[in-house]
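K.L.:
See input11.txt below, with compact mmCIF, C-alpha atoms and all ligand atoms.
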```txt
# COMPACT_ATOMS: atom_id res chain seq x y z
CA MET A 1 88.37 64.26 113.01
CA LEU A 2 87.69 67.56 114.77
CA ARG A 3 88.58 71.06 113.68
CA LEU A 4 88.11 74.47 115.24
CA GLN A 5 88.27 77.51 112.99
CA ASP A 6 88.60 81.19 114.00
CA LEU A 7 87.04 80.45 117.31
CA LEU A 8 86.37 82.87 120.16
CA LEU A 9 84.49 82.16 123.35
CA ALA A 10 83.56 85.04 125.63
CA ARG A 11 82.08 84.76 129.10
CA GLY A 12 81.34 87.56 131.53
CA GLY A 13 82.65 90.16 129.07
CA GLN A 14 86.03 88.43 128.70
CA THR A 15 87.46 86.25 125.96
CA ILE A 16 88.35 82.98 127.67
CA LEU A 17 89.21 80.96 124.55
CA ARG A 18 90.88 82.16 121.36
CA VAL A 19 91.79 79.56 118.73
CA LYS A 20 92.69 80.45 115.13
CA GLU A 21 92.83 76.83 114.02
CA PHE A 22 92.96 73.55 115.91
CA ARG A 23 92.85 70.03 114.48
CA LEU A 24 92.53 66.63 116.02
CA ALA A 25 93.54 63.94 113.54
CA GLU A 26 91.48 60.81 112.94
CA GLY A 27 91.93 58.51 115.94
CA GLU A 28 94.44 60.87 117.61
CA ARG A 29 95.00 60.80 121.35
CA LEU A 30 95.94 64.26 122.59
CA ALA A 31 96.88 65.50 126.04
CA VAL A 32 95.97 69.11 126.85
CA ILE A 33 98.06 70.57 129.64
CA GLY A 34 98.18 74.03 131.17
CA PRO A 35 98.07 75.93 134.45
CA ASN A 36 94.84 76.57 136.38
CA GLY A 37 92.51 78.88 134.49
CA ALA A 38 94.32 78.37 131.16
CA GLY A 39 91.10 77.36 129.39
CA LYS A 40 91.62 73.58 129.19
CA SER A 41 88.12 72.65 130.39
CA THR A 42 86.61 75.30 128.16
CA LEU A 43 88.45 73.93 125.11
CA LEU A 44 87.35 70.40 126.01
CA LYS A 45 83.72 71.46 126.35
CA VAL A 46 83.80 73.24 122.98
CA LEU A 47 85.31 70.16 121.31
CA ALA A 48 82.75 67.90 123.04
CA LEU A 49 79.97 70.21 121.75
CA LEU A 50 78.87 71.05 125.29
CA GLU A 51 79.65 74.78 124.93
CA ARG A 52 78.87 76.84 121.89
CA PRO A 53 81.56 79.32 120.82
CA THR A 54 80.71 83.01 120.58
CA THR A 55 82.16 83.16 117.06
CA GLY A 56 83.86 80.65 114.81
CA ALA A 57 83.07 77.10 113.82
CA VAL A 58 83.56 73.49 114.93
CA PHE A 59 83.79 70.76 112.28
CA PHE A 60 83.29 67.06 113.06
CA ARG A 61 84.61 64.81 110.30
CA GLY A 62 84.40 67.71 107.86
CA VAL A 63 80.82 68.64 108.69
CA LYS A 64 80.13 72.00 110.32
CA VAL A 65 78.40 71.58 113.69
CA THR A 66 75.08 73.44 113.92
CA ALA A 67 72.30 73.65 116.50
CA LYS A 68 70.45 71.08 114.40
CA ASN A 69 73.10 68.37 114.08
CA ALA A 70 74.95 68.87 117.41
CA LEU A 71 72.97 66.28 119.37
CA ALA A 72 73.54 63.58 116.76
CA PHE A 73 77.30 64.29 116.85
CA ARG A 74 77.33 64.42 120.66
CA ARG A 75 75.93 60.90 120.73
CA ARG A 76 79.09 59.70 119.02
CA MET A 77 81.19 61.15 121.87
CA ALA A 78 81.64 60.45 125.59
CA VAL A 79 82.85 62.70 128.39
CA VAL A 80 84.53 61.84 131.71
CA PHE A 81 84.92 64.56 134.34
CA GLN A 82 86.89 64.61 137.59
CA GLU A 83 83.64 64.51 139.56
CA PRO A 84 81.90 61.31 138.50
CA LEU A 85 78.35 62.80 138.59
CA LEU A 86 76.87 59.38 139.25
CA LEU A 87 73.16 58.88 139.77
CA ASN A 88 71.72 57.63 143.02
CA THR A 89 70.89 54.19 141.69
CA THR A 90 72.90 50.99 141.19
CA VAL A 91 76.25 50.89 139.43
CA PHE A 92 74.60 48.74 136.74
CA ASN A 93 71.93 51.39 136.08
CA ASN A 94 74.55 54.12 136.03
CA VAL A 95 76.47 52.33 133.30
CA ALA A 96 73.24 51.48 131.43
CA GLN A 97 71.83 55.01 131.46
CA GLY A 98 73.55 56.39 128.36
CA LEU A 99 72.53 53.34 126.32
CA LYS A 100 68.90 53.77 127.37
CA PHE A 101 69.05 57.39 126.18
CA ARG A 102 70.27 56.07 122.85
CA GLY A 103 67.33 53.69 122.60
CA ILE A 104 69.26 50.51 123.40
CA ASP A 105 67.62 48.07 125.79
CA GLY A 106 66.95 44.36 126.45
CA ALA A 107 69.62 41.75 125.78
CA GLU A 108 71.90 44.16 123.90
CA LEU A 109 71.93 46.57 126.86
CA GLN A 110 72.58 43.73 129.31
CA ARG A 111 75.41 42.33 127.20
CA ARG A 112 77.17 45.65 126.72
CA VAL A 113 76.91 46.73 130.38
CA ASP A 114 78.08 43.32 131.63
CA TYR A 115 81.01 43.43 129.24
CA TRP A 116 82.24 46.84 130.44
CA LEU A 117 81.68 46.07 134.11
CA GLU A 118 83.88 43.01 133.63
CA ARG A 119 86.47 44.86 131.55
CA LEU A 120 86.86 47.51 134.26
CA SER A 121 86.89 44.92 137.07
CA ILE A 122 83.74 46.26 138.74
CA THR A 123 81.33 43.35 138.18
CA GLY A 124 81.30 42.89 141.96
CA LEU A 125 79.98 46.44 142.40
CA ARG A 126 77.02 46.10 140.01
CA SER A 127 74.29 46.26 142.70
CA ARG A 128 75.97 48.89 144.88
CA THR A 129 74.94 52.54 144.89
CA PRO A 130 77.72 55.03 144.04
CA LEU A 131 77.41 56.90 147.35
CA HIS A 132 79.76 54.54 149.19
CA LEU A 133 82.27 53.81 146.45
CA SER A 134 85.91 54.83 146.83
CA GLY A 135 87.22 57.52 144.47
CA GLY A 136 89.00 54.90 142.34
CA GLU A 137 85.92 52.67 142.13
CA ALA A 138 83.74 55.63 141.20
CA GLN A 139 86.10 56.56 138.36
CA ARG A 140 86.02 52.96 137.10
CA VAL A 141 82.23 53.26 136.95
CA ASN A 142 82.66 56.59 135.19
CA LEU A 143 84.96 55.02 132.58
CA ALA A 144 82.53 52.13 132.07
CA ARG A 145 79.73 54.67 131.48
CA ALA A 146 81.82 56.26 128.75
CA PHE A 147 83.19 53.14 127.02
CA VAL A 148 79.85 51.32 127.02
CA LEU A 149 78.67 53.95 124.51
CA GLU A 150 81.39 52.79 122.08
CA PRO A 151 82.19 56.43 121.32
CA GLU A 152 84.33 57.53 118.39
CA ILE A 153 86.03 60.01 120.69
CA ILE A 154 86.29 60.29 124.45
CA PHE A 155 86.96 63.51 126.38
CA LEU A 156 88.56 63.24 129.80
CA ASP A 157 88.92 66.29 132.08
CA GLU A 158 91.44 65.57 134.86
CA PRO A 159 89.65 62.26 135.52
CA PHE A 160 92.08 60.90 138.11
CA SER A 161 93.47 64.08 139.72
CA ALA A 162 91.78 63.41 143.06
CA LEU A 163 93.08 59.83 143.35
CA ASP A 164 96.10 58.60 145.26
CA PHE A 165 99.27 57.78 143.36
CA PRO A 166 98.96 53.97 142.89
CA THR A 167 95.24 54.14 142.04
CA ARG A 168 95.89 56.95 139.59
CA PHE A 169 98.68 55.14 137.77
CA ASN A 170 96.78 51.83 137.61
CA LEU A 171 93.82 53.59 136.06
CA LEU A 172 96.01 55.53 133.61
CA GLU A 173 97.64 52.28 132.51
CA GLU A 174 94.28 50.57 132.00
CA LEU A 175 92.80 53.57 130.23
CA GLY A 176 95.80 53.71 127.88
CA GLU A 177 95.30 50.05 126.94
CA LEU A 178 91.55 50.48 126.46
CA LEU A 179 92.00 53.46 124.15
CA VAL A 180 94.53 51.60 122.00
CA LYS A 181 92.54 48.35 121.87
CA THR A 182 89.25 50.07 121.02
CA GLY A 183 90.93 52.58 118.66
CA THR A 184 89.08 55.42 120.37
CA ALA A 185 90.33 58.97 119.82
CA ALA A 186 90.81 60.94 123.04
CA VAL A 187 91.36 64.43 124.42
CA PHE A 188 92.82 64.17 127.88
CA VAL A 189 93.10 67.26 130.11
CA THR A 190 95.70 67.20 132.86
CA HIS A 191 98.06 69.54 134.68
CA ASP A 192 100.58 66.78 135.36
CA PHE A 193 103.20 65.91 132.73
CA THR A 194 103.88 62.51 134.32
CA GLU A 195 100.37 61.31 133.41
CA ILE A 196 100.78 61.94 129.68
CA PRO A 197 103.06 59.06 128.57
CA PHE A 198 100.49 56.51 129.76
CA LEU A 199 98.09 57.68 127.08
CA THR A 200 99.93 59.48 124.30
CA ASP A 201 102.91 61.55 123.27
CA ASN A 202 100.85 64.22 121.49
CA VAL A 203 100.56 67.35 123.59
CA ALA A 204 98.92 70.77 123.37
CA VAL A 205 99.89 73.36 125.96
CA MET A 206 97.37 76.04 126.90
CA ASP A 207 97.92 79.36 128.59
CA ARG A 208 95.52 82.28 129.02
CA GLY A 209 92.91 80.92 126.64
CA GLU A 210 95.26 80.00 123.80
CA VAL A 211 97.13 76.92 122.61
CA VAL A 212 100.70 78.15 122.97
CA CYS A 213 102.56 74.99 121.96
CA ARG A 214 101.67 71.77 120.18
CA GLY A 215 103.87 68.79 119.40
CA LYS A 216 105.36 65.57 120.68
CA LEU A 217 106.00 65.35 124.40
CA TRP A 218 109.78 65.67 124.01
CA GLU A 219 109.37 68.71 121.75
CA VAL A 220 107.14 70.39 124.29
CA LYS A 221 109.58 69.63 127.08
CA GLU A 222 112.47 71.08 125.03
CA SER A 223 110.48 74.26 124.48
CA GLY A 224 110.10 74.60 128.25
CA THR A 225 112.77 77.22 128.59
CA SER A 226 111.05 79.64 126.21
CA ILE A 227 107.40 79.09 127.15
CA PRO A 228 106.53 80.24 130.69
CA ALA A 229 103.51 77.92 131.04
CA VAL A 230 105.63 74.86 130.21
CA ARG A 231 108.39 75.98 132.57
CA HIS A 232 105.81 76.42 135.32
CA LEU A 233 104.35 72.94 134.75
CA LEU A 234 107.77 71.27 134.68
CA ARG A 235 108.72 72.69 138.08
CA PRO A 236 107.35 69.75 140.12
CA LEU A 237 109.56 67.35 138.14
CA ASN A 238 112.63 69.45 138.91
CA MET A 239 111.61 69.63 142.55
CA SER A 240 111.29 65.86 142.81
CA ARG A 241 114.79 65.61 141.32
CA ARG A 242 115.97 67.89 144.12
CA LEU A 243 114.39 65.46 146.59
CA ASP A 244 116.60 62.72 145.09
CA ASN A 245 119.60 64.52 146.61
CA TYR A 246 118.31 63.67 150.08
CA LEU A 247 117.32 60.04 149.40
N1 LIG B 301 80.98 80.56 132.51
C1 LIG B 301 82.04 81.33 132.75
N2 LIG B 301 81.92 82.64 133.02
C2 LIG B 301 83.00 83.43 133.24
N3 LIG B 301 84.26 82.97 133.22
C3 LIG B 301 84.45 81.68 132.97
C4 LIG B 301 83.37 80.77 132.72
N4 LIG B 301 83.89 79.55 132.50
C5 LIG B 301 85.21 79.68 132.61
N5 LIG B 301 85.56 80.95 132.89
C6 LIG B 301 86.94 81.48 133.07
O1 LIG B 301 87.71 81.07 131.97
C7 LIG B 301 89.04 80.74 132.37
C8 LIG B 301 89.37 79.35 131.91
O2 LIG B 301 88.60 78.41 132.65
P1 LIG B 301 88.78 76.84 132.49
O3 LIG B 301 87.88 76.21 133.48
O4 LIG B 301 88.62 76.47 131.07
O5 LIG B 301 90.32 76.66 132.89
P2 LIG B 301 91.12 75.32 133.19
O6 LIG B 301 92.38 75.41 132.38
O7 LIG B 301 90.26 74.13 132.97
O8 LIG B 301 91.49 75.48 134.73
P3 LIG B 301 91.67 74.37 135.88
O9 LIG B 301 93.04 73.80 135.70
O10 LIG B 301 91.58 75.15 137.14
O11 LIG B 301 90.58 73.35 135.75
C9 LIG B 301 89.08 80.94 133.88
O12 LIG B 301 89.64 82.18 134.16
C10 LIG B 301 87.62 80.91 134.28
O13 LIG B 301 87.38 81.68 135.42
MG MG B 302 89.57 72.64 134.23
```
Could I get this structure in the form of structure tokens?
Ligand SMILES: Nc1ncnc2c1ncn2[C@@H]1O[C@H](COP(=O)(O)OP(=O)(O)OP(=O)(O)O)[C@@H](O)[C@H]1O
Ligand SMILES: [Mg+2]

P.N.:
Amino acid sequence: MLRLQDLLLARGGQTILRVKEFRLAEGERLAVIGPNGAGKSTLLKVLALLERPTTGAVFFRGVKVTAKNALAFRRRMAVVFQEPLLLNTTVFNNVAQGLKFRGIDGAELQRRVDYWLERLSITGLRSRTPLHLSGGEAQRVNLARAFVLEPEIIFLDEPFSALDFPTRFNLLEELGELLVKTGTAAVFVTHDFTEIPFLTDNVAVMDRGEVVCRGKLWEVKESGTSIPAVRHLLRPLNMSRRLDNYL
């Protein structure tokens, strides 16, 4: 579905992303995990066609992405960031905005927005402005804004990291179901291994601008002893096991 080839991205005189080859299969859901500064957000932005690589190429469904066709491809994708970036208007208008950009209006717009407000249990918030929403509510609006576009692929960059534990896990569960039911491919950035099984068991580990390990969740965990980034990210799980000794 997506392929990166011989890709380098330099910023401020430094190479921050180096990928020889990277593939996302048709309909695949992939978690990208790595320590702070590993290049996860940069990789996501390159895949979502929001950042252009310094050298190398991105292919979407076999077609090389160029300055000319990038916008058309981007319209088949949706992005969800940790900060919801909502507009200072009603929740309804926030969810409707992307459709308007795509030339959809009238009854079709109304129907699709209503459907996704309902599906994400935020119909009651439709006339509210985002300013006074809780973090969990705001991320529900953010998800509705993405799904209403009926994207072929959705990119999520630590979408729930700022939320408390029960809110986070409820949203992960719902998101997992939505992705499966709609058949949407996804790239999900996180730094928390416990979030991954809600969405997928396909994992890519990043460290210092490179993908250092790719496989099923259990394979990645097994490799933890030999890959420092994985060992580092597994530490919280071992620490919580230590807590068990006191409980
Ligand atoms: N525009 C830029 N100019 C210079 N350096 C940048 C730029 N964007 C990112 N970087 C650097 O590239 C590296 C990777 O950044 P990136 O945001 O992709 O990491 P990340 O894995 O998403 O980290 P985090 O977990 O903190 O979100 C960092 O060292 C960052 O400082
Ligand atoms: Mg990041």

K.L.:
Rank nothing, just name the residue among A:Leu30, A:Ser127, A:Leu156, A:Leu163 nearest to Ile196 (chain A), using only C-alpha atoms.

P.N.:
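The closest residue to Ile196 (chain A) is A:Leu30.
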
K.L.:
Excluding Asn88 (chain A) and residues on its chain fewer than 4 positions from it, collect all residues at most 12 Å away from it, counting all atoms listed in the file, and give them as a list in words.

P.N.:
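The contact residues come out as Pro84, Phe92, Asn93, Asn94, Gln97, Ser127, Arg128, Thr129, Pro130, Leu131, His132 and Leu133 of chain A.
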
K.L.:
With C-alpha atoms retained, export the selected residues as a PDB file, in the coordinates of the input.

P.N.:
```
ATOM      1  CA  PRO A  84      81.900  61.310 138.500  1.00  0.00           C
ATOM      2  CA  PHE A  92      74.600  48.740 136.740  1.00  0.00           C
ATOM      3  CA  ASN A  93      71.930  51.390 136.080  1.00  0.00           C
ATOM      4  CA  ASN A  94      74.550  54.120 136.030  1.00  0.00           C
ATOM      5  CA  GLN A  97      71.830  55.010 131.460  1.00  0.00           C
ATOM      6  CA  SER A 127      74.290  46.260 142.700  1.00  0.00           C
ATOM      7  CA  ARG A 128      75.970  48.890 144.880  1.00  0.00           C
ATOM      8  CA  THR A 129      74.940  52.540 144.890  1.00  0.00           C
ATOM      9  CA  PRO A 130      77.720  55.030 144.040  1.00  0.00           C
ATOM     10  CA  LEU A 131      77.410  56.900 147.350  1.00  0.00           C
ATOM     11  CA  HIS A 132      79.760  54.540 149.190  1.00  0.00           C
ATOM     12  CA  LEU A 133      82.270  53.810 146.450  1.00  0.00           C
TER      13      LEU A 133
END
```

K.L.:
Which residues of chain A sit at most 12 Å from ligand MG 302 (chain B), using all atoms listed in the file? Give each one's shortest atom pair and distance in Å (one decimal place), in chain and ascending residue order, as a Markdown table.

P.N.:
```
| residue | atom | partner | partner_atom | distance |
| --- | --- | --- | --- | --- |
| A:Val32 | CA | B:MG302 | MG | 10.4 |
| A:Ile33 | CA | B:MG302 | MG | 9.9 |
| A:Gly34 | CA | B:MG302 | MG | 9.2 |
| A:Pro35 | CA | B:MG302 | MG | 9.1 |
| A:Asn36 | CA | B:MG302 | MG | 6.9 |
| A:Gly37 | CA | B:MG302 | MG | 6.9 |
| A:Ala38 | CA | B:MG302 | MG | 8.1 |
| A:Gly39 | CA | B:MG302 | MG | 6.9 |
| A:Lys40 | CA | B:MG302 | MG | 5.5 |
| A:Ser41 | CA | B:MG302 | MG | 4.1 |
| A:Thr42 | CA | B:MG302 | MG | 7.3 |
| A:Leu43 | CA | B:MG302 | MG | 9.3 |
| A:Leu44 | CA | B:MG302 | MG | 8.8 |
| A:Lys45 | CA | B:MG302 | MG | 9.9 |
| A:Phe81 | CA | B:MG302 | MG | 9.3 |
| A:Gln82 | CA | B:MG302 | MG | 9.1 |
| A:Glu83 | CA | B:MG302 | MG | 11.4 |
| A:Leu156 | CA | B:MG302 | MG | 10.4 |
| A:Asp157 | CA | B:MG302 | MG | 6.7 |
| A:Glu158 | CA | B:MG302 | MG | 7.3 |
| A:Pro159 | CA | B:MG302 | MG | 10.5 |
| A:Ser161 | CA | B:MG302 | MG | 10.9 |
| A:Phe188 | CA | B:MG302 | MG | 11.1 |
| A:Val189 | CA | B:MG302 | MG | 7.6 |
| A:Thr190 | CA | B:MG302 | MG | 8.3 |
| A:His191 | CA | B:MG302 | MG | 9.0 |
| A:Met206 | CA | B:MG302 | MG | 11.2 |
| A:Gly209 | CA | B:MG302 | MG | 11.7 |
```

K.L.:
Enclose the full set of atoms of ligand LIG 301 (chain B) listed in the file within a box whose edges lie along x, y and z, apply 3 Å of padding to each of the six sides, and report centre and edge lengths in Å to one decimal as lines of an AutoDock Vina configuration file.

P.N.:
```
center_x = 87.0
center_y = 78.4
center_z = 134.1
size_x = 18.1
size_y = 16.1
size_z = 12.1
```

K.L.:
Out of A:Val79, A:Ala72, A:Leu9, A:Leu247, which residue has the shortest atom-to-atom distance to ligand LIG 301 (chain B) when counting all atoms listed in the file?

P.N.:
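Among the listed residues, A:Leu9 lies closest to ligand LIG 301 (chain B).
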
K.L.:
Can you measure CA of Lys64 (chain A) to CA of Gln5 (chain A) for me? One decimal in Å is fine.

P.N.:
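Calculated distance between CA of Lys64 (chain A) and CA of Gln5 (chain A) is 10.2 Å.
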
K.L.:
Give the answer as one residue: which of A:Asp105, A:Glu173, A:Glu150, A:Asp207 has the shortest atom-to-atom distance to ligand LIG 301 (chain B), using all atoms listed in the file?

P.N.:
A:Asp207

K.L.:
What is the CA of Arg145 (chain A)-CA of Leu172 (chain A) distance in Å, reported with one decimal?

P.N.:
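If I compute the distance from CA of Arg145 (chain A) to CA of Leu172 (chain A), I get 16.4 Å.
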
K.L.:
Work out how far apart CA of Thr200 (chain A) and atom C4 of ligand LIG 301 (chain B) are and give it in Å to one decimal.

P.N.:
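Interatomic distance, CA of Thr200 (chain A) to atom C4 of ligand LIG 301 (chain B): 28.3 Å.
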
K.L.:
Between A:Asp192, A:Phe198, A:Lys68, A:Asp244, which is the closest to Val230 (chain A) once you count only C-alpha atoms?

P.N.:
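Of the candidates, the smallest distance to Val230 (chain A) is held by A:Asp192.
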
K.L.:
Using all atoms listed in the file, can you tell me which of A:Leu8, A:Ile16, A:Ala138, A:Ala144 comes closest to ligand LIG 301 (chain B)?

P.N.:
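Closest residue, counting all atoms listed in the file: A:Ile16.
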
K.L.:
Would you list the contacts of Glu174 (chain A) as a PyMOL selection string, taking every protein, DNA or RNA residue within 12 Å and counting only C-alpha atoms, but skipping same-chain residues closer than 6 positions in sequence?

P.N.:
chain A and resi 119-121+139-140+143-144+167-168+180-181+198-199

K.L.:
Show which residues sit within 7 Å of Arg126 (chain A), as a list in words. Count all atoms listed in the file, and ignore same-chain residues fewer than 3 positions away.

P.N.:
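Everything that qualifies: Thr90, Val91, Phe92, Ile122 and Thr123 of chain A.
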
K.L.:
For a quick check of understanding, using only C-alpha atoms and all ligand atoms, which of A:Ala107, A:Leu17, A:Leu4, A:Leu50 has the smallest distance to ligand LIG 301 (chain B)?

P.N.:
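Among the listed residues, the smallest separation from ligand LIG 301 (chain B) belongs to A:Leu17.
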
K.L.:
Please return, as a list of chain:residue names, all polymer residues that have at least one atom within 12 Å of the point (109.3, 72.7, 118.9); use all atoms listed in the file and the file's own coordinate frame.

P.N.:
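Answer for this query, in the requested form: A:Val203, A:Ala204, A:Val205, A:Val212, A:Cys213, A:Arg214, A:Gly215, A:Lys216, A:Leu217, A:Trp218, A:Glu219, A:Val220, A:Lys221, A:Glu222, A:Ser223, A:Gly224, A:Thr225, A:Ser226, A:Ile227.
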